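**Student:** Before I ask anything, here is the structure I am working with.
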Amino acid sequence: MQDRKSLQLITTAIAVCLAALLGACKKGPDDAALTASVKSQLSAQSPALASMVNVETKEGVVTLTGTVDNDSAKSQAEQAAKGIANVKSVVNNLSVKPPIVVSEDPKIKSAVEAGLAKYNVKGVTANVSDGQVTLTGEIPRAKLQDAMKAANEANPKKVVNQLTIK
Amino acid sequence: MLRDKYQSLIAMAESSGVADLTIQEQDNVLHMNGTAPTEAVKQQLWDEYNRLDPDMRSADVVLNLDVAAASEVFYTVAPGDSLSKIATKYKGVTWQKIFEANRDQIKNPDLIHPGQKLRIPDGVKNARFPSPFQGNFSRVVRNRANRRPHAD
């Protein structure tokens with residue numbers, strides 16, 4: 001009588017253990033699969049973004065870490081993760097690089113002009129507004145890179161090339 | 001992402017020894033800053049950018065590259081030297097390039113003075129003239145030094 005009872009107990013215990021083990025086993029692959037899905041979704045949208053974002057999943061909760069260029073990349077990654085089925089929630093721990101600060105317009109303008117002189121580019125006018133350089137004028141194709149170097153090396157927000165290339 | 005569009009340019013910058021390389025996309029412009037080890041590396045990167053955007057009208061890149069000061073080579077002008085003669089001592093360097101790099105001290109490319117220290121842009125010694133023969137070489141050419149090897 002006693003023996004049978006203990007045997008029953010042992011059997012139950014084993015069954016409970018097995019169930020727990022199975023449960024644990026089941027949880028593992030699920031999280032790994034979710035991580036893989038999030039990663040492949042990121043890669044599909046942007047391989048560069050995928051390479052900057054680290055993905056971890058625990059019990060269906062996806063955590064994103066790493067550093068990205070700007071807020072829009074941060075939210076893009078979050079949306080990509082949220083769009084995966086069976087993701088319970090997304091913890092977005094991505095950090096964003098501090099924004100690039102450019103010089104004031106007159107400083108940029110004089111830097112572009114110094115660059116144009118350095119690269120011996122003639123016939124090009126540089127207008128600077130709100131950190132953005134716009135090049136106008138007419139140049140031979142052979143001088144296009146030099147004109148662009150002069151503008152780029154003033155480190156503006158943007159270079160708009162409206163040059164007529166002969 | 002612009003990083004994807006300019007992936008080959010980024011990969012080239014990362015693999016060609018550009019120091020202090022920073023890459024950041026902001027307001028739909030990809031900013032790349034750094035110091036190229038040589039003028040040639042900088043040019044290679046510009047050529048790649050130019051290949052991806054042939055007319056450079058996309059207005060989505062700011063490629064701001066310095067060239068490492070260490071790559072600067074100086075040459076001290078010896079009696080009888082001319083810019084074109086000096087140029088032959090370096091790989092891929094023309095007298096025009098030397099003239100451009102030294103406009104601060106050369107007004108007339110036909111007029112250089114012994115003792116002047118000229119900047120040789122991206123100067124890599126030409127293997128055709130290894131140093132043991134350099135003395136000989138300059139003596140041979142000295143006779144022609146008064147000729148102007150380049151038109152004005």
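Starting from 1 in every chain, residues are counted up; chains themselves are A, B, ... following the order of the structure tokens, and ligands are numbered from 1 as listed.
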Which polymer residues have any atom within 10 Å of an atom of A:Ser51, counting only C-alpha atoms, with same-chain residues fewer than 4 positions away left out, as an mmCIF file with C-alpha atoms, in the first residue's frame?
**Tutor:**
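New file result-v6.cif:
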```cif
data_model
loop_
_atom_site.group_PDB
_atom_site.id
_atom_site.type_symbol
_atom_site.label_atom_id
_atom_site.label_comp_id
_atom_site.auth_asym_id
_atom_site.auth_seq_id
_atom_site.Cartn_x
_atom_site.Cartn_y
_atom_site.Cartn_z
ATOM 1 C CA LYS A 39 16.431 40.675 -37.136
ATOM 2 C CA LEU A 42 15.202 44.816 -39.798
ATOM 3 C CA SER A 43 17.533 43.479 -42.494
ATOM 4 C CA SER A 46 17.719 48.223 -43.973
ATOM 5 C CA PRO A 47 20.807 46.027 -43.656
ATOM 6 C CA GLY A 66 22.782 49.691 -29.566
ATOM 7 C CA VAL A 68 21.653 54.517 -34.102
#
```
**Student:** So which residues of stretch 22-129 of chain A fall under strand (DSSP E) by DSSP, listed as a PyMOL selection string?
**Tutor:** chain A and resi 53-58+61-68+89-92+95-96+124-129
**Student:** For the residues selected in the previous step, produce a file with C-alpha atoms as a PDB file, in the first residue's frame.
**Tutor:**
```pdb
ATOM      1  CA  VAL A  53      20.664  47.143 -33.587  1.00  0.00           C
ATOM      2  CA  ASN A  54      21.080  44.331 -31.099  1.00  0.00           C
ATOM      3  CA  VAL A  55      17.956  42.227 -30.500  1.00  0.00           C
ATOM      4  CA  GLU A  56      17.165  40.129 -27.422  1.00  0.00           C
ATOM      5  CA  THR A  57      13.908  38.377 -26.585  1.00  0.00           C
ATOM      6  CA  LYS A  58      12.767  37.053 -23.211  1.00  0.00           C
ATOM      7  CA  VAL A  61       9.417  40.740 -24.810  1.00  0.00           C
ATOM      8  CA  VAL A  62      11.880  42.141 -27.357  1.00  0.00           C
ATOM      9  CA  THR A  63      14.639  44.448 -26.120  1.00  0.00           C
ATOM     10  CA  LEU A  64      16.548  46.605 -28.615  1.00  0.00           C
ATOM     11  CA  THR A  65      19.994  47.932 -27.717  1.00  0.00           C
ATOM     12  CA  GLY A  66      22.782  49.691 -29.566  1.00  0.00           C
ATOM     13  CA  THR A  67      23.366  53.134 -31.033  1.00  0.00           C
ATOM     14  CA  VAL A  68      21.653  54.517 -34.102  1.00  0.00           C
ATOM     15  CA  SER A  89       6.061  44.181 -26.235  1.00  0.00           C
ATOM     16  CA  VAL A  90       9.186  46.032 -27.293  1.00  0.00           C
ATOM     17  CA  VAL A  91      11.628  47.675 -24.912  1.00  0.00           C
ATOM     18  CA  ASN A  92      13.431  50.282 -26.972  1.00  0.00           C
ATOM     19  CA  SER A  95      20.537  55.285 -27.916  1.00  0.00           C
ATOM     20  CA  VAL A  96      20.738  58.031 -30.501  1.00  0.00           C
ATOM     21  CA  VAL A 124      31.425  78.921 -58.962  1.00  0.00           C
ATOM     22  CA  THR A 125      29.265  80.850 -56.502  1.00  0.00           C
ATOM     23  CA  ALA A 126      28.424  79.455 -53.088  1.00  0.00           C
ATOM     24  CA  ASN A 127      25.304  80.585 -51.274  1.00  0.00           C
ATOM     25  CA  VAL A 128      24.838  79.482 -47.697  1.00  0.00           C
ATOM     26  CA  SER A 129      21.529  79.526 -45.909  1.00  0.00           C
TER      27      SER A 129
END
```
**Student:** Hey, which bits of chain A sit within 9 Å of chain B, and for each residue what's the closest pair of atoms and how far apart in Å (one decimal), counting only C-alpha atoms, rows by chain and increasing number, as a Markdown table?
**Tutor:**
```
| residue | atom | partner | partner_atom | distance |
| --- | --- | --- | --- | --- |
| A:Gln45 | CA | B:Met1 | CA | 8.6 |
| A:Ser46 | CA | B:Met1 | CA | 6.4 |
| A:Pro47 | CA | B:Asp4 | CA | 6.7 |
| A:Ala48 | CA | B:Asp4 | CA | 5.8 |
| A:Leu49 | CA | B:Met1 | CA | 7.6 |
| A:Val68 | CA | B:Gln24 | CA | 8.4 |
| A:Asp69 | CA | B:Gln24 | CA | 5.3 |
| A:Asn70 | CA | B:Gln26 | CA | 6.6 |
| A:Ala73 | CA | B:Met1 | CA | 8.3 |
| A:Lys97 | CA | B:Gln24 | CA | 8.0 |
| A:Pro99 | CA | B:Gln26 | CA | 7.4 |
| A:Ile100 | CA | B:Gln26 | CA | 7.5 |
| A:Lys118 | CA | B:Glu100 | CA | 8.1 |
| A:Tyr119 | CA | B:Glu100 | CA | 8.0 |
| A:Asn120 | CA | B:Glu100 | CA | 8.0 |
| A:Arg141 | CA | B:Asp55 | CA | 8.7 |
| A:Leu144 | CA | B:Asp55 | CA | 8.1 |
| A:Gln145 | CA | B:Trp46 | CA | 7.4 |
| A:Met148 | CA | B:Met56 | CA | 8.0 |
| A:Lys149 | CA | B:Asn64 | CA | 7.6 |
| A:Ala151 | CA | B:Val62 | CA | 8.6 |
| A:Asn152 | CA | B:Val62 | CA | 5.3 |
| A:Glu153 | CA | B:Asn64 | CA | 4.6 |
| A:Ala154 | CA | B:Asn64 | CA | 7.6 |
| A:Asn155 | CA | B:Asn64 | CA | 6.2 |
| A:Pro156 | CA | B:Val62 | CA | 7.3 |
| A:Lys157 | CA | B:Val62 | CA | 7.4 |
| A:Lys158 | CA | B:Ala59 | CA | 6.3 |
| A:Val159 | CA | B:Ala59 | CA | 5.3 |
| A:Val160 | CA | B:Ala59 | CA | 5.0 |
| A:Asn161 | CA | B:Arg57 | CA | 5.3 |
| A:Gln162 | CA | B:Arg57 | CA | 7.4 |
| A:Leu163 | CA | B:Arg57 | CA | 9.0 |
| A:Ile165 | CA | B:Asp55 | CA | 8.3 |
```
**Student:** Take the selection from the previous step and output its residues with N, CA and C atoms, as an mmCIF file, in the first residue's frame.
**Tutor:**
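The result, written out as again-v2.cif:
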```cif
data_model
loop_
_atom_site.group_PDB
_atom_site.id
_atom_site.type_symbol
_atom_site.label_atom_id
_atom_site.label_comp_id
_atom_site.auth_asym_id
_atom_site.auth_seq_id
_atom_site.Cartn_x
_atom_site.Cartn_y
_atom_site.Cartn_z
ATOM 1 N N GLN A 45 14.310 45.739 -44.131
ATOM 2 C CA GLN A 45 14.082 47.184 -44.256
ATOM 3 C C GLN A 45 15.375 47.929 -44.530
ATOM 4 N N SER A 46 16.433 47.556 -43.822
ATOM 5 C CA SER A 46 17.719 48.223 -43.973
ATOM 6 C C SER A 46 18.833 47.383 -43.350
ATOM 7 N N PRO A 47 19.694 46.812 -44.193
ATOM 8 C CA PRO A 47 20.807 46.027 -43.656
ATOM 9 C C PRO A 47 21.673 46.861 -42.709
ATOM 10 N N ALA A 48 21.821 48.145 -43.039
ATOM 11 C CA ALA A 48 22.664 49.002 -42.202
ATOM 12 C C ALA A 48 22.055 49.165 -40.819
ATOM 13 N N LEU A 49 20.742 49.345 -40.785
ATOM 14 C CA LEU A 49 20.054 49.496 -39.491
ATOM 15 C C LEU A 49 20.180 48.194 -38.701
ATOM 16 N N VAL A 68 22.046 54.195 -32.718
ATOM 17 C CA VAL A 68 21.653 54.517 -34.102
ATOM 18 C C VAL A 68 21.851 56.012 -34.358
ATOM 19 N N ASP A 69 21.722 56.379 -35.651
ATOM 20 C CA ASP A 69 22.059 57.746 -36.064
ATOM 21 C C ASP A 69 21.078 58.808 -35.573
ATOM 22 N N ASN A 70 19.806 58.471 -35.558
ATOM 23 C CA ASN A 70 18.816 59.527 -35.279
ATOM 24 C C ASN A 70 17.523 58.916 -34.744
ATOM 25 N N ALA A 73 15.522 56.497 -37.022
ATOM 26 C CA ALA A 73 16.051 55.134 -37.087
ATOM 27 C C ALA A 73 15.637 54.362 -35.831
ATOM 28 N N LYS A 97 22.741 58.989 -31.482
ATOM 29 C CA LYS A 97 23.940 59.850 -31.476
ATOM 30 C C LYS A 97 23.539 61.310 -31.293
ATOM 31 N N PRO A 99 23.098 65.103 -32.097
ATOM 32 C CA PRO A 99 22.968 65.702 -33.431
ATOM 33 C C PRO A 99 24.239 66.452 -33.854
ATOM 34 N N ILE A 100 24.466 66.463 -35.158
ATOM 35 C CA ILE A 100 25.622 67.172 -35.710
ATOM 36 C C ILE A 100 25.329 68.671 -35.668
ATOM 37 N N LYS A 118 41.553 77.038 -52.938
ATOM 38 C CA LYS A 118 42.562 75.992 -52.740
ATOM 39 C C LYS A 118 42.540 74.988 -53.887
ATOM 40 N N TYR A 119 41.324 74.612 -54.318
ATOM 41 C CA TYR A 119 41.215 73.639 -55.403
ATOM 42 C C TYR A 119 41.246 74.295 -56.779
ATOM 43 N N ASN A 120 41.456 75.620 -56.769
ATOM 44 C CA ASN A 120 41.574 76.348 -58.025
ATOM 45 C C ASN A 120 40.327 76.182 -58.898
ATOM 46 N N ARG A 141 33.360 69.286 -66.278
ATOM 47 C CA ARG A 141 33.156 68.083 -65.469
ATOM 48 C C ARG A 141 34.401 67.734 -64.650
ATOM 49 N N LEU A 144 34.266 69.195 -61.283
ATOM 50 C CA LEU A 144 33.083 68.973 -60.447
ATOM 51 C C LEU A 144 33.468 68.476 -59.046
ATOM 52 N N GLN A 145 34.350 67.465 -59.001
ATOM 53 C CA GLN A 145 34.752 66.930 -57.690
ATOM 54 C C GLN A 145 35.420 67.993 -56.830
ATOM 55 N N MET A 148 32.875 70.273 -55.413
ATOM 56 C CA MET A 148 32.123 69.584 -54.366
ATOM 57 C C MET A 148 32.980 69.384 -53.113
ATOM 58 N N LYS A 149 34.276 69.109 -53.316
ATOM 59 C CA LYS A 149 35.173 68.966 -52.156
ATOM 60 C C LYS A 149 35.190 70.263 -51.357
ATOM 61 N N ALA A 151 32.955 72.516 -51.101
ATOM 62 C CA ALA A 151 31.703 72.699 -50.364
ATOM 63 C C ALA A 151 31.572 71.704 -49.211
ATOM 64 N N ASN A 152 31.911 70.440 -49.484
ATOM 65 C CA ASN A 152 31.781 69.395 -48.465
ATOM 66 C C ASN A 152 32.725 69.627 -47.289
ATOM 67 N N GLU A 153 33.908 70.135 -47.586
ATOM 68 C CA GLU A 153 34.909 70.288 -46.529
ATOM 69 C C GLU A 153 34.661 71.508 -45.645
ATOM 70 N N ALA A 154 33.645 72.289 -45.990
ATOM 71 C CA ALA A 154 33.216 73.352 -45.080
ATOM 72 C C ALA A 154 32.270 72.761 -44.030
ATOM 73 N N ASN A 155 32.003 71.472 -44.155
ATOM 74 C CA ASN A 155 31.173 70.706 -43.228
ATOM 75 C C ASN A 155 29.788 71.330 -42.989
ATOM 76 N N PRO A 156 29.047 71.548 -44.054
ATOM 77 C CA PRO A 156 27.706 72.120 -43.894
ATOM 78 C C PRO A 156 26.676 71.027 -43.591
ATOM 79 N N LYS A 157 25.403 71.436 -43.486
ATOM 80 C CA LYS A 157 24.334 70.461 -43.264
ATOM 81 C C LYS A 157 24.062 69.674 -44.530
ATOM 82 N N LYS A 158 24.254 70.372 -45.644
ATOM 83 C CA LYS A 158 23.849 69.790 -46.916
ATOM 84 C C LYS A 158 24.542 70.549 -48.043
ATOM 85 N N VAL A 159 24.817 69.856 -49.152
ATOM 86 C CA VAL A 159 25.371 70.538 -50.318
ATOM 87 C C VAL A 159 24.426 70.311 -51.495
ATOM 88 N N VAL A 160 23.917 71.414 -52.019
ATOM 89 C CA VAL A 160 23.023 71.325 -53.173
ATOM 90 C C VAL A 160 23.807 71.785 -54.396
ATOM 91 N N ASN A 161 23.956 70.868 -55.338
ATOM 92 C CA ASN A 161 24.751 71.151 -56.524
ATOM 93 C C ASN A 161 23.841 71.576 -57.668
ATOM 94 N N GLN A 162 23.848 72.891 -57.941
ATOM 95 C CA GLN A 162 23.067 73.394 -59.082
ATOM 96 C C GLN A 162 24.001 73.873 -60.183
ATOM 97 N N LEU A 163 25.203 73.314 -60.195
ATOM 98 C CA LEU A 163 26.190 73.723 -61.194
ATOM 99 C C LEU A 163 25.788 73.220 -62.576
ATOM 100 N N ILE A 165 27.173 71.608 -65.620
ATOM 101 C CA ILE A 165 28.395 70.865 -65.930
ATOM 102 C C ILE A 165 28.590 70.871 -67.438
#
```
**Student:** Just want the 10 Å neighbourhood of B:Ile86, counted on only C-alpha atoms, with same-chain residues fewer than 4 positions away dropped. Output as a CSV table (one decimal) with C-alpha atoms, in the first residue's frame.
**Tutor:**
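For reference, selection-v5.csv as written:
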```csv
chain,number,residue,atom,x,y,z
B,75,TYR,CA,61.4,68.2,-50.9
B,76,THR,CA,64.1,70.8,-50.6
B,77,VAL,CA,64.9,72.4,-53.9
B,78,ALA,CA,68.5,71.8,-55.1
B,81,ASP,CA,65.9,71.6,-60.1
B,82,SER,CA,62.7,72.3,-61.9
B,90,TYR,CA,57.7,60.7,-57.1
B,93,VAL,CA,53.0,63.3,-59.1
B,94,THR,CA,53.0,65.9,-61.9
B,95,TRP,CA,54.7,69.3,-61.8
B,98,ILE,CA,53.4,70.2,-57.0
B,118,LEU,CA,58.1,72.1,-51.4
B,120,ILE,CA,54.8,67.0,-52.4
B,138,SER,CA,70.6,65.1,-60.8
```
**Student:** Once DSSP has gone over the backbone, tell me which residues of stretch 23-94 of chain A are in alpha helix (DSSP H), as a ChimeraX atom specification.
**Tutor:** /A:23-45,47-52,71-82
